[in-house]
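**Student:** Just passing along the structure, written as structure tokens.
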Amino acid sequence: MGLLTYLVKKAKDVRLKSVMRSIICESVFDIFALFEVLHQLEVSLLNDKVNNGGSKFCLLIIDSISSLLAPIIGGKYPQGRSMMISVAMILKKLADEYNISVLVTNHMVSAGNGSVKPALGESWKAVPHVRLVISHECGSNICTATLLKHTQLASDRTAKFVVPS
């Protein structure tokens with residue numbers, strides 16, 4: 001390996017380590033733990049805003065929100081829908097007050113007629129400002145993103161992309 005190649009690789013490693021140190025991952029297995037993490041995040045963001053003039057925090061990702069919300073909707077919690085709306089309101093508040101982006105993933109389930117639909121269905125449909133469906137072509141690494149809802153762009157726009165294997 002030449003010196004230039006070594007230096008480039010070393011610089012990439014340093015950058016990757018820096019990026020990885022800036023990622024905080026919280027494992028959340030139920031709605032109550034999600035509320036607690038969101039509350040702690042809001043307190044932290046408020047402290048940063050007061051003490052430092054703002055936060056460097058810019059993206060909140062909640063993977064598989066349907067796995068947290070589905071058990072309380074129609075289950076043993078009669079207040080399930082109101083809890084779901086509370087989560088939505090907290091996420092919108094965090095995005096608005098602290099200028100952060102919120103990315104939430106939702107599972108797809110069978111619609112019964114051979115098609116699929118979002119797991120949280122109509123209850124969650126109005127919550128996000130932007131809704132995308134990302135699908136994967138069988139037997140390939142080609143994916144398609146379809147815009148379902150956007151405040152400024154026309155719906156049904158698509159883009160294909162490749163996920164490297």
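Residues in the structure tokens are named by chain (A, B, ... in the order shown) and by number from 1 within that chain; ligands are numbered from 1 in the order shown.
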If you count only C-alpha atoms, which residues fall within 6 Å of stretch 138-148 of chain A, apart from same-chain ones fewer than 5 positions away, as a list of chain:residue names?
**Tutor:**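 Returned residues: A:Arg131, A:Leu132, A:Val133, A:Ser155, A:Asp156, A:Arg157, A:Thr158, A:Ala159, A:Lys160, A:Phe161, A:Val162, A:Val163.
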**Student:** How about saving the chosen residues, N, CA, C and O atoms kept, as a compact mmCIF listing (two decimals), in the first residue's frame?
**Tutor:**
```
# COMPACT_ATOMS: atom_id res chain seq x y z
N ARG A 131 -44.39 11.28 3.46
CA ARG A 131 -44.54 9.83 3.53
C ARG A 131 -43.92 9.21 2.29
O ARG A 131 -44.22 9.61 1.17
N LEU A 132 -43.05 8.23 2.52
CA LEU A 132 -42.40 7.50 1.44
C LEU A 132 -42.68 6.01 1.61
O LEU A 132 -42.76 5.53 2.73
N VAL A 133 -42.78 5.31 0.50
CA VAL A 133 -42.77 3.85 0.53
C VAL A 133 -41.50 3.43 -0.19
O VAL A 133 -41.24 3.86 -1.31
N SER A 155 -47.46 14.04 -5.32
CA SER A 155 -47.39 12.65 -4.90
C SER A 155 -47.10 11.74 -6.08
O SER A 155 -47.19 12.15 -7.24
N ASP A 156 -46.78 10.50 -5.77
CA ASP A 156 -46.52 9.43 -6.75
C ASP A 156 -45.25 9.63 -7.55
O ASP A 156 -45.06 8.95 -8.56
N ARG A 157 -44.37 10.53 -7.14
CA ARG A 157 -43.05 10.62 -7.79
C ARG A 157 -42.23 9.45 -7.29
O ARG A 157 -42.32 9.04 -6.13
N THR A 158 -41.40 8.89 -8.15
CA THR A 158 -40.57 7.74 -7.77
C THR A 158 -39.12 7.98 -8.11
O THR A 158 -38.79 8.79 -8.98
N ALA A 159 -38.28 7.28 -7.40
CA ALA A 159 -36.84 7.31 -7.67
C ALA A 159 -36.30 5.91 -7.40
O ALA A 159 -36.65 5.28 -6.41
N LYS A 160 -35.49 5.43 -8.29
CA LYS A 160 -34.85 4.12 -8.11
C LYS A 160 -33.43 4.36 -7.60
O LYS A 160 -32.79 5.34 -7.94
N PHE A 161 -32.97 3.43 -6.75
CA PHE A 161 -31.61 3.51 -6.23
C PHE A 161 -31.10 2.11 -5.96
O PHE A 161 -31.87 1.15 -5.88
N VAL A 162 -29.79 2.00 -5.88
CA VAL A 162 -29.15 0.71 -5.66
C VAL A 162 -28.56 0.67 -4.26
O VAL A 162 -27.90 1.62 -3.83
N VAL A 163 -28.82 -0.42 -3.56
CA VAL A 163 -28.22 -0.64 -2.26
C VAL A 163 -27.06 -1.61 -2.49
O VAL A 163 -27.29 -2.76 -2.88
```
**Student:** Please run DSSP on the backbone and report, as a list in words, all residues within stretch 14-49 of chain A that come out as alpha helix (DSSP H).
**Tutor:** Val14, Arg15, Leu16, Lys17, Ser18, Val19, Met20, Arg21, Ile31, Phe32, Ala33, Leu34, Phe35, Glu36, Val37, Leu38, His39, Gln40, Leu41, Glu42, Val43, Ser44, Leu45, Leu46, Asn47, Asp48 and Lys49 of chain A
**Student:** Would you compute the distance between atom CA of A:Leu69 and atom CA of A:Pro118? Give it in Å to one decimal.
**Tutor:**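 Separation between atom CA of A:Leu69 and atom CA of A:Pro118: 12.6 Å.
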**Student:** Of the candidates A:Ser123, A:Leu103, A:Val14, A:Asp63, which one gets nearest to A:Phe29 if we count only C-alpha atoms?
**Tutor:**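 Looking at the shortest contact to A:Phe29, the residue is A:Asp63.
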**Student:** To one decimal in Å, tell me the separation between atom CA of A:Ile72 and atom CA of A:Ala95.
**Tutor:**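 Distance reported for this atom pair: 24.3 Å.
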